[in-house]
Every structure is written in C-alpha cells, then in structure tokens.
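Enquirer: Sending over a structure as structure tokens; questions will come in a sec.
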Amino acid sequence: MEQSGTSTRLQAAVQDLASGVVSALRGGGHAHVVPPVGTDGEAGDLALAAVRVLGADALLPGLLSRTAPDPAELAVFRKAVEAYPPRADAAPTVRWSHWAMARTLRRADPSSAEPPDEPDTAWLDGATWQVLTHQLAVLAPLALPGEDCAVSRLAAGRPVDVARGFVRAVRRRDWRQAAGAGRWLTLLPGVPDTVGLESGLDFVELMGGQDPLVALQVQAARRMRTGAGV
Amino acid sequence: MTAPADAHRTADAHRTADAHRTADALRTAAGDALAWVDSRRADFALGEDALAADGEVDRSWKPLGELAQVCATVTRLTEPADPLHARARELLDFAWQETREGELFPRLQRLEPFATYPLEVYAAFAAAGLRHPAFEQAAAVVARTRGWRLTEQDPTRRLGVLRAEERCGIHRFAQAPPELPQTWLGGLPEPWTFGRDAGYALTHVVFHLGDWGRDASALPPDLVAYLGDWLPPWLDTCLEAGLWDLGAELLAVAATVARTTGEDAPAGDWRRLLAARGPSGELPLDDRDLDEIAAGPGSDGDRYFLHHYHSTLMAAFAAVLAAARPAGRAEPAAAGRRPGGQGAPS
C-alpha cells in the first residue's frame, strides 16, 4: 500500500513539474520549473525524483530560449543527476536518459563535469519500427535541434519508420508515445509530407493534451518547428 | 572469414528461401480457404428471392459476385495445372450456373433498371470471360442516360461502377479516372486519420484501379509510394484490434503494391492473420465471439457463413496475390523507394 501511495505521489509530482515546463514553454511566465533545493523530507525527495523522471526536459524552456538557468534550479537539477546514477543493470533508455541530463547540465553550466561517454545503441539494431518508435518516444528529451548523439543519428536514418510509429500511436490512442514521436518527426529529415505533422500535433494535443506529459512534447515540438535552437 | 560478397550471397539465398517458404504457406492458406468456400456452395447459391423485388441483395447477389470476383483473379494468377486454379475455375462455373449462364442479369435489370449492382456483379464474371452479350447491350442503353451517370454514390463505389462499365464495353475512361481525387485514398489524407470506414474505402479504390490485382501497374506512382509508407501501421493496428476482414483486404492491397515495388510479403502480419483462422481454414470477420454472433437472426449455419465468407474470400484473394508475386517480381533495389527496408530515406 505504502509503495503504491509513494508511486502515486511521485506521478503527481512529475505531472506538476511537467505542467510548469509546459507553461514556461508557452511563455506563461513560469521560468523556474524546478522546485527549490532545501525542500526537506519526503517532499524534497519526491521533487528530486520527479526531476529525474522528467529528465533533461526539466531544463528545456531555458535551453530553447537560450536564457541562463536560475542557479537554484540548476542546483536541484545537478542534485538529481548525481543522486540517481544508472545502475549497472539499468535499461538502455535509463542510461541514455541520464546521459541526456548530464549533457544538459554541462550545456547549462559549462563548469559542470563532462558528461560520461555515450551509451551504445546496440539494443536498437534491427528493432522493428514499433519498438524503435516506442523507445524513441521514451527518449524524447534527446530530440533537440542540433543534437548529435548516437540515438539522434539512428533516428535520422529511419524517418519513415518513426512516422509509421506516430501513426500507430495515434491509432492506439497512446498520446504520450504519439507526442514523443511527433517531437522527433519535427527534427528528422526525409519524413513523408503526407504524414501531416502540424495537424497531427494539433490532434494529439486536442485528444491527449490534458496530460502535461503529452502537452510538454507537443509544445517542445512546436517550439522547435518555429526554429528555436539549443 | 567470409568475404563480403559471400555474405551478400548468403543473405540473398536466405531471403529467397524465406520468400519461398512464405509463398508456400500462402498458397496452402489460399487452398484451405477456397476448400472451405467450396464446402459452403449451398450458402452462396441464389435462393428463391434472388429476383424478388424486396430481395436481400447482401445475402444473395453480393456473396455470389464476391465469389466470382475472387475466383476470376485466382484463375488469372495461377497456371491451369495448379489445383488452386482448378478449384477456382470450378467455383466460377458454379457461380455462373447460379446466374443461369448470365440469363438472370437481364431479368434483374427489368426489375431495377437503374440499380448499378447487377452490372457490378456481372462485371466480375465478364472479367473471367463469362459473358452475356444481350445483357451488355441492355446495360449500355441504360448507361447512356444522364440519370444513370448522375446516380448518387460515394466516389469509391462510383469508381467501381465505372470499372464495371469499362469491363462490359460500355465505355472507356482515361487512365486517371475523375473520381479518384474525390476518394479518401486519392486525396492522400493524413495517415493517422485512418479508420475502419476509410480502410474499406481505400482497399476498394485499389481493387478497382488495379482491376482486382490483375493490373497493378494501373496504380499511380504517388499512390504506390503513399501506400508503401502507411500500410504497415494500418495493418498492425487492424490486426491488433482483431479486424480480420479489413486486415485481409489490406494484405491484398499490400500484395498489389508489392507487384510494383517487389517488396516481400509482410510475414509477421500474415502470421497474425492466419492464426485467426477457424478449424477448416475459414477466417472470421472480426474478433466477436461466436456466442455473440449466435444471438443474431437466422440459423446457426447462416450466421456462421455470414460471419466468415467475405473474410475467407479476401484471405484467399490476398494470399494468391502475394504468393503469385515472385514470378514477375522486380528487383527490390531497382524498384524500392526506400532501400534497406527500414524506412531509410533514399
């Protein structure tokens, strides 16, 4: 019971954090989306865990608007990177998500440590378009303009497959996956025009946008389509 | 150490062996499906009410026409010595006898001169060379009226009627029929707007344009590219939802497209479809369980037939199209828009 209660509270904390990011991406004034360091006890632990779950996207608004991060915000983000290193047996997406956070930290604060070496992409060798899209949607924080890592290079080689995965996700009403795939599609060269990405993102937002994790990806995709850089 | 050229040869050999295995499995599936259809001849037979003013066309002429349509394609794509060919030919002859060698078509026309379905059903027989000249002349008289040409139908159905007119020598139209852009598929819609109704509309556009698999080259290149891109997610989600009938039609579309592009049959999708078959090779329409179907009107046998005949015909049609492909296949490297088969841009 206790565990499931914690899990529910963590999910709520992630949703709150994501809502803050969405609001900031929309220009709604919430520049600071990460809760302050020093929030002690369970609330502080939850806040930190929520940053780890949301990953590099916790700092996305500042990254896209090229504004210097708030020192307090940066401190929490750094703490989350340090508090949750991937375990030896961690799934590839967990490793990559952590790598993306370390990379973002370095971008936001060049005095931070170099990010660790990139994990590999062997687990995606020969992956079906369904698996590929699911995994890329989980790793949507890596979908950034100008990002050059093994995952983004692999995605760039399979634009039609990611577009197929987007179609599948919409058909299955998996709005989170659709939104993550849609964010990748805004960046990939060679996506068939017939996919209708702009109206597709509007549709995903219409159907699933009440979930801040969906709205976050749609907003990120829109910002990147309008030319926001990193 | 294996030299790269040897590795390529080995990979090609594996691929060819896989393709042959798939083709064999598909031919077996087509044979089983047609055997089931053959065992249900009595259900395809026209009943007393075939010429009744209030007859149920969907339970009489429609199944018979669909049987003729599929068998006409099977006989075209198989060799005369092939058991599949022989079975399809016998079923065609049976169906033609049911129409009393076409004699019932003029009688049907007298009952409903401006209904298009008699011509549409007749065209399936005419495609296999089974013709009734007096009916064709009578149909041409009606088809010359403005009223016939203005029959209000959805664009996909209209395309089918135009193809039927062409088949019966009433008139010919240009390569790109004017109705095409009005159809869901012809407008190249966003692929995520696909749904069940759009799916049935698009499969029939492809069937009409490609003359039920007999003239795949009639598909415009932009449609071939569009279908090549988006059939995989449509198939995947229809099969996941247990929409076996639509899944079979989409596999027939994939096989039609592959006759142009030379792509391999989607083995995984085929496995899922074939796994849904009943004990005698028949394929259900969808995932509804038989208890639910049993609650409908009619006898158990009727309901079972109506829940299986169309999807089983479509599975046979798709399997024959897909299995016939290697005979005239293009080299994938030359014809494929996306080499590598992983959706990489060319």
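Convention: chains lettered A, B, ... in structure tokens order; per-chain residue numbering from 1; ligands numbered from 1 as shown.
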Which residues, written as a VMD selection string, have at least one atom at most 10 Å from Tyr84 (chain A), with only C-alpha atoms counted and residues fewer than 6 positions away on the same chain left out?
Expert: chain A and resid 48 to 49 52 to 53 98
Enquirer: Taking only C-alpha atoms into account, which residues of chain A are within 6 Å of chain B, as an MDAnalysis selection string?
Expert: chainID A and resid 157:158 160:161 164 167:168 190 194:196
Enquirer: Excluding Leu142 (chain A) and residues on its chain fewer than 2 positions from it, collect all residues at most 12 Å away from it, counting only C-alpha atoms, and give them as number ranges by chain.
Expert: A: 55-57, 60, 93, 96-104, 135-140, 144-155, 180-181, 183-184, 187, 217, 220, 230
Enquirer: Which of these, B:Arg87, B:Arg131, B:Arg272, B:His208, has the shortest distance to Glu101 (chain B) once you count only C-alpha atoms?
Expert: B:Arg131
Enquirer: Write out as a VMD selection string each polymer residue whose atoms come within 9 Å of region 106-108 of chain A, counting only C-alpha atoms; drop sequence neighbours fewer than 3 positions from it.
Expert: chain A and resid 59 62 to 63 68 to 69 74 101 to 103 111 to 115
Enquirer: To one decimal in Å, tell me the separation between CA of Ala221 (chain A) and CA of Leu201 (chain A).
Expert: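 That distance, rounded to one decimal, is 8.2 Å.
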Enquirer: Please list as a PDB file with N, CA and C atoms, in the first residue's frame every residue within 12 Å of Leu119 (chain B), counting only C-alpha atoms and excluding residues in the same chain fewer than 2 positions away.
Expert:
```pdb
ATOM      1  N   TRP B  61     -26.979 -11.805 -54.122  1.00  0.00           N
ATOM      2  CA  TRP B  61     -26.108 -11.425 -55.234  1.00  0.00           C
ATOM      3  C   TRP B  61     -24.728 -10.983 -54.785  1.00  0.00           C
ATOM      4  N   LYS B  62     -24.677 -10.335 -53.625  1.00  0.00           N
ATOM      5  CA  LYS B  62     -23.377  -9.810 -53.174  1.00  0.00           C
ATOM      6  C   LYS B  62     -22.379 -10.945 -52.910  1.00  0.00           C
ATOM      7  N   GLY B  65     -21.361 -12.535 -56.241  1.00  0.00           N
ATOM      8  CA  GLY B  65     -20.483 -11.659 -57.023  1.00  0.00           C
ATOM      9  C   GLY B  65     -19.074 -11.628 -56.454  1.00  0.00           C
ATOM     10  N   GLY B 102     -25.782 -16.268 -66.950  1.00  0.00           N
ATOM     11  CA  GLY B 102     -25.992 -14.837 -67.194  1.00  0.00           C
ATOM     12  C   GLY B 102     -27.435 -14.466 -67.484  1.00  0.00           C
ATOM     13  N   LEU B 104     -30.004 -14.506 -65.739  1.00  0.00           N
ATOM     14  CA  LEU B 104     -30.729 -13.782 -64.687  1.00  0.00           C
ATOM     15  C   LEU B 104     -30.421 -12.284 -64.687  1.00  0.00           C
ATOM     16  N   PHE B 105     -29.294 -11.891 -65.309  1.00  0.00           N
ATOM     17  CA  PHE B 105     -28.940 -10.455 -65.261  1.00  0.00           C
ATOM     18  C   PHE B 105     -29.945  -9.577 -66.011  1.00  0.00           C
ATOM     19  N   PRO B 106     -30.349  -9.939 -67.249  1.00  0.00           N
ATOM     20  CA  PRO B 106     -31.373  -9.119 -67.909  1.00  0.00           C
ATOM     21  C   PRO B 106     -32.672  -9.093 -67.109  1.00  0.00           C
ATOM     22  N   LEU B 108     -32.930  -9.321 -63.844  1.00  0.00           N
ATOM     23  CA  LEU B 108     -32.692  -8.427 -62.702  1.00  0.00           C
ATOM     24  C   LEU B 108     -32.804  -6.968 -63.160  1.00  0.00           C
ATOM     25  N   GLN B 109     -32.274  -6.713 -64.342  1.00  0.00           N
ATOM     26  CA  GLN B 109     -32.301  -5.341 -64.857  1.00  0.00           C
ATOM     27  C   GLN B 109     -33.744  -4.874 -65.100  1.00  0.00           C
ATOM     28  N   GLU B 112     -35.071  -3.732 -61.763  1.00  0.00           N
ATOM     29  CA  GLU B 112     -34.481  -2.489 -61.239  1.00  0.00           C
ATOM     30  C   GLU B 112     -33.539  -1.912 -62.295  1.00  0.00           C
ATOM     31  N   PRO B 113     -34.075  -1.276 -63.340  1.00  0.00           N
ATOM     32  CA  PRO B 113     -33.226  -0.881 -64.469  1.00  0.00           C
ATOM     33  C   PRO B 113     -32.100   0.094 -64.102  1.00  0.00           C
ATOM     34  N   PHE B 114     -32.326   0.918 -63.062  1.00  0.00           N
ATOM     35  CA  PHE B 114     -31.305   1.917 -62.754  1.00  0.00           C
ATOM     36  C   PHE B 114     -30.459   1.554 -61.538  1.00  0.00           C
ATOM     37  N   ALA B 115     -30.605   0.337 -61.063  1.00  0.00           N
ATOM     38  CA  ALA B 115     -29.716  -0.125 -59.985  1.00  0.00           C
ATOM     39  C   ALA B 115     -28.380  -0.509 -60.630  1.00  0.00           C
ATOM     40  N   THR B 116     -27.296  -0.187 -59.941  1.00  0.00           N
ATOM     41  CA  THR B 116     -25.978  -0.474 -60.533  1.00  0.00           C
ATOM     42  C   THR B 116     -25.454  -1.855 -60.150  1.00  0.00           C
ATOM     43  N   TYR B 117     -25.995  -2.457 -59.086  1.00  0.00           N
ATOM     44  CA  TYR B 117     -25.362  -3.702 -58.632  1.00  0.00           C
ATOM     45  C   TYR B 117     -25.417  -4.849 -59.647  1.00  0.00           C
ATOM     46  N   VAL B 121     -22.009  -6.855 -60.367  1.00  0.00           N
ATOM     47  CA  VAL B 121     -21.849  -8.304 -60.167  1.00  0.00           C
ATOM     48  C   VAL B 121     -21.491  -8.972 -61.497  1.00  0.00           C
ATOM     49  N   TYR B 122     -22.192  -8.561 -62.544  1.00  0.00           N
ATOM     50  CA  TYR B 122     -21.939  -9.150 -63.861  1.00  0.00           C
ATOM     51  C   TYR B 122     -20.480  -8.942 -64.276  1.00  0.00           C
ATOM     52  N   ALA B 123     -19.939  -7.751 -63.977  1.00  0.00           N
ATOM     53  CA  ALA B 123     -18.576  -7.422 -64.408  1.00  0.00           C
ATOM     54  C   ALA B 123     -17.556  -8.412 -63.846  1.00  0.00           C
ATOM     55  N   ALA B 124     -17.848  -8.949 -62.656  1.00  0.00           N
ATOM     56  CA  ALA B 124     -16.923  -9.923 -62.068  1.00  0.00           C
ATOM     57  C   ALA B 124     -16.847 -11.170 -62.954  1.00  0.00           C
ATOM     58  N   PHE B 125     -17.990 -11.586 -63.485  1.00  0.00           N
ATOM     59  CA  PHE B 125     -17.996 -12.748 -64.385  1.00  0.00           C
ATOM     60  C   PHE B 125     -17.332 -12.397 -65.720  1.00  0.00           C
ATOM     61  N   ALA B 126     -17.670 -11.205 -66.227  1.00  0.00           N
ATOM     62  CA  ALA B 126     -17.110 -10.789 -67.513  1.00  0.00           C
ATOM     63  C   ALA B 126     -15.579 -10.749 -67.446  1.00  0.00           C
ATOM     64  N   ALA B 127     -15.045 -10.402 -66.249  1.00  0.00           N
ATOM     65  CA  ALA B 127     -13.594 -10.355 -66.085  1.00  0.00           C
ATOM     66  C   ALA B 127     -12.978 -11.733 -66.302  1.00  0.00           C
ATOM     67  N   ARG B 131     -19.599 -14.217 -70.341  1.00  0.00           N
ATOM     68  CA  ARG B 131     -20.325 -13.032 -70.790  1.00  0.00           C
ATOM     69  C   ARG B 131     -21.716 -13.377 -71.292  1.00  0.00           C
ATOM     70  N   HIS B 132     -22.567 -12.355 -71.279  1.00  0.00           N
ATOM     71  CA  HIS B 132     -23.938 -12.478 -71.770  1.00  0.00           C
ATOM     72  C   HIS B 132     -24.193 -11.236 -72.634  1.00  0.00           C
ATOM     73  N   PHE B 135     -27.253  -8.921 -72.243  1.00  0.00           N
ATOM     74  CA  PHE B 135     -27.268  -8.074 -71.040  1.00  0.00           C
ATOM     75  C   PHE B 135     -26.380  -6.858 -71.246  1.00  0.00           C
ATOM     76  N   GLU B 136     -25.235  -7.058 -71.852  1.00  0.00           N
ATOM     77  CA  GLU B 136     -24.323  -5.927 -72.059  1.00  0.00           C
ATOM     78  C   GLU B 136     -24.981  -4.860 -72.933  1.00  0.00           C
ATOM     79  N   GLN B 137     -25.704  -5.307 -73.959  1.00  0.00           N
ATOM     80  CA  GLN B 137     -26.387  -4.335 -74.820  1.00  0.00           C
ATOM     81  C   GLN B 137     -27.473  -3.592 -74.043  1.00  0.00           C
ATOM     82  N   ALA B 138     -28.190  -4.334 -73.223  1.00  0.00           N
ATOM     83  CA  ALA B 138     -29.259  -3.712 -72.430  1.00  0.00           C
ATOM     84  C   ALA B 138     -28.677  -2.733 -71.415  1.00  0.00           C
ATOM     85  N   ALA B 139     -27.566  -3.131 -70.802  1.00  0.00           N
ATOM     86  CA  ALA B 139     -26.933  -2.257 -69.804  1.00  0.00           C
ATOM     87  C   ALA B 139     -26.449  -0.974 -70.465  1.00  0.00           C
ATOM     88  N   ALA B 140     -25.955  -1.090 -71.706  1.00  0.00           N
ATOM     89  CA  ALA B 140     -25.449   0.088 -72.408  1.00  0.00           C
ATOM     90  C   ALA B 140     -26.569   1.097 -72.672  1.00  0.00           C
ATOM     91  N   VAL B 142     -29.211   1.689 -70.817  1.00  0.00           N
ATOM     92  CA  VAL B 142     -29.484   2.397 -69.564  1.00  0.00           C
ATOM     93  C   VAL B 142     -28.333   3.338 -69.214  1.00  0.00           C
ATOM     94  N   ALA B 143     -27.125   2.873 -69.453  1.00  0.00           N
ATOM     95  CA  ALA B 143     -25.950   3.650 -69.050  1.00  0.00           C
ATOM     96  C   ALA B 143     -25.780   4.908 -69.901  1.00  0.00           C
ATOM     97  N   TRP B 148     -28.509   7.699 -65.188  1.00  0.00           N
ATOM     98  CA  TRP B 148     -27.560   6.653 -64.751  1.00  0.00           C
ATOM     99  C   TRP B 148     -26.227   7.276 -64.351  1.00  0.00           C
ATOM    100  N   GLY B 160     -16.001   1.928 -58.898  1.00  0.00           N
ATOM    101  CA  GLY B 160     -16.290   0.525 -59.191  1.00  0.00           C
ATOM    102  C   GLY B 160     -17.287   0.387 -60.330  1.00  0.00           C
ATOM    103  N   VAL B 161     -18.298   1.262 -60.342  1.00  0.00           N
ATOM    104  CA  VAL B 161     -19.303   1.199 -61.414  1.00  0.00           C
ATOM    105  C   VAL B 161     -18.641   1.551 -62.754  1.00  0.00           C
ATOM    106  N   LEU B 162     -17.794   2.577 -62.740  1.00  0.00           N
ATOM    107  CA  LEU B 162     -17.106   2.958 -63.987  1.00  0.00           C
ATOM    108  C   LEU B 162     -16.241   1.808 -64.500  1.00  0.00           C
ATOM    109  N   ARG B 163     -15.571   1.140 -63.577  1.00  0.00           N
ATOM    110  CA  ARG B 163     -14.744  -0.005 -63.970  1.00  0.00           C
ATOM    111  C   ARG B 163     -15.627  -1.129 -64.547  1.00  0.00           C
ATOM    112  N   ALA B 164     -16.796  -1.318 -63.949  1.00  0.00           N
ATOM    113  CA  ALA B 164     -17.713  -2.361 -64.438  1.00  0.00           C
ATOM    114  C   ALA B 164     -18.197  -2.004 -65.844  1.00  0.00           C
ATOM    115  N   GLU B 165     -18.504  -0.713 -66.045  1.00  0.00           N
ATOM    116  CA  GLU B 165     -18.930  -0.280 -67.385  1.00  0.00           C
ATOM    117  C   GLU B 165     -17.822  -0.537 -68.398  1.00  0.00           C
ATOM    118  N   GLU B 166     -16.604  -0.239 -67.981  1.00  0.00           N
ATOM    119  CA  GLU B 166     -15.464  -0.438 -68.873  1.00  0.00           C
ATOM    120  C   GLU B 166     -15.321  -1.919 -69.204  1.00  0.00           C
ATOM    121  N   ARG B 167     -15.452  -2.731 -68.182  1.00  0.00           N
ATOM    122  CA  ARG B 167     -15.316  -4.175 -68.341  1.00  0.00           C
ATOM    123  C   ARG B 167     -16.358  -4.721 -69.315  1.00  0.00           C
ATOM    124  N   CYS B 168     -17.541  -4.106 -69.335  1.00  0.00           N
ATOM    125  CA  CYS B 168     -18.634  -4.586 -70.177  1.00  0.00           C
ATOM    126  C   CYS B 168     -18.674  -3.866 -71.516  1.00  0.00           C
ATOM    127  N   GLY B 169     -17.630  -3.103 -71.799  1.00  0.00           N
ATOM    128  CA  GLY B 169     -17.534  -2.463 -73.110  1.00  0.00           C
ATOM    129  C   GLY B 169     -18.480  -1.297 -73.302  1.00  0.00           C
ATOM    130  N   ILE B 170     -19.034  -0.767 -72.201  1.00  0.00           N
ATOM    131  CA  ILE B 170     -19.984   0.339 -72.346  1.00  0.00           C
ATOM    132  C   ILE B 170     -19.240   1.626 -72.716  1.00  0.00           C
TER     133      ILE B 170
END
```
Enquirer: Got a sec to tell me which of region 8-185 of chain B DSSP assigns to helix (DSSP H, G or I), as a VMD selection string?
Expert: chain B and resid 8 to 39 41 to 44 48 to 51 57 to 59 61 to 77 83 to 98 104 to 111 117 to 127 133 to 143 146 to 149 155 to 167 180 to 182
Enquirer: What gap, in Å, lies between CA of Ser280 (chain B) and CA of Asp38 (chain B)?
Expert: 11.3 Å
Enquirer: Between CA of Val51 (chain A) and CA of Arg9 (chain A), what is the spacing in Å?
Expert: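 Calculated distance between CA of Arg9 (chain A) and CA of Val51 (chain A) is 13.5 Å.
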Enquirer: Which neighbours of Leu26 (chain B) fall inside 6 Å, counting only C-alpha atoms, when residues of the same chain fewer than 3 positions from it are skipped, and could you give them as a ChimeraX atom specification?
Expert: /B:23,29,319,323
Enquirer: Please list as a VMD selection string every residue within 9 Å of Gly281 (chain B), counting only C-alpha atoms and excluding residues in the same chain fewer than 6 positions away.
Expert: chain B and resid 29 to 36 274 312
Enquirer: Using C-alpha atoms, can you export the residues from the last selection as a tab-separated table (two decimals), in the first residue's frame?
Expert:
```tsv
chain	number	residue	atom	x	y	z
B	29	ALA	CA	-3.69	-20.95	-46.85
B	30	ALA	CA	-5.36	-19.96	-50.13
B	31	GLY	CA	-6.09	-23.63	-50.86
B	32	ASP	CA	-7.64	-24.16	-47.42
B	33	ALA	CA	-9.73	-21.00	-47.73
B	34	LEU	CA	-11.08	-21.98	-51.14
B	35	ALA	CA	-11.76	-25.52	-49.90
B	36	TRP	CA	-13.91	-24.04	-47.10
B	274	LEU	CA	-3.58	-16.86	-40.44
B	312	THR	CA	-12.26	-16.04	-46.11
```
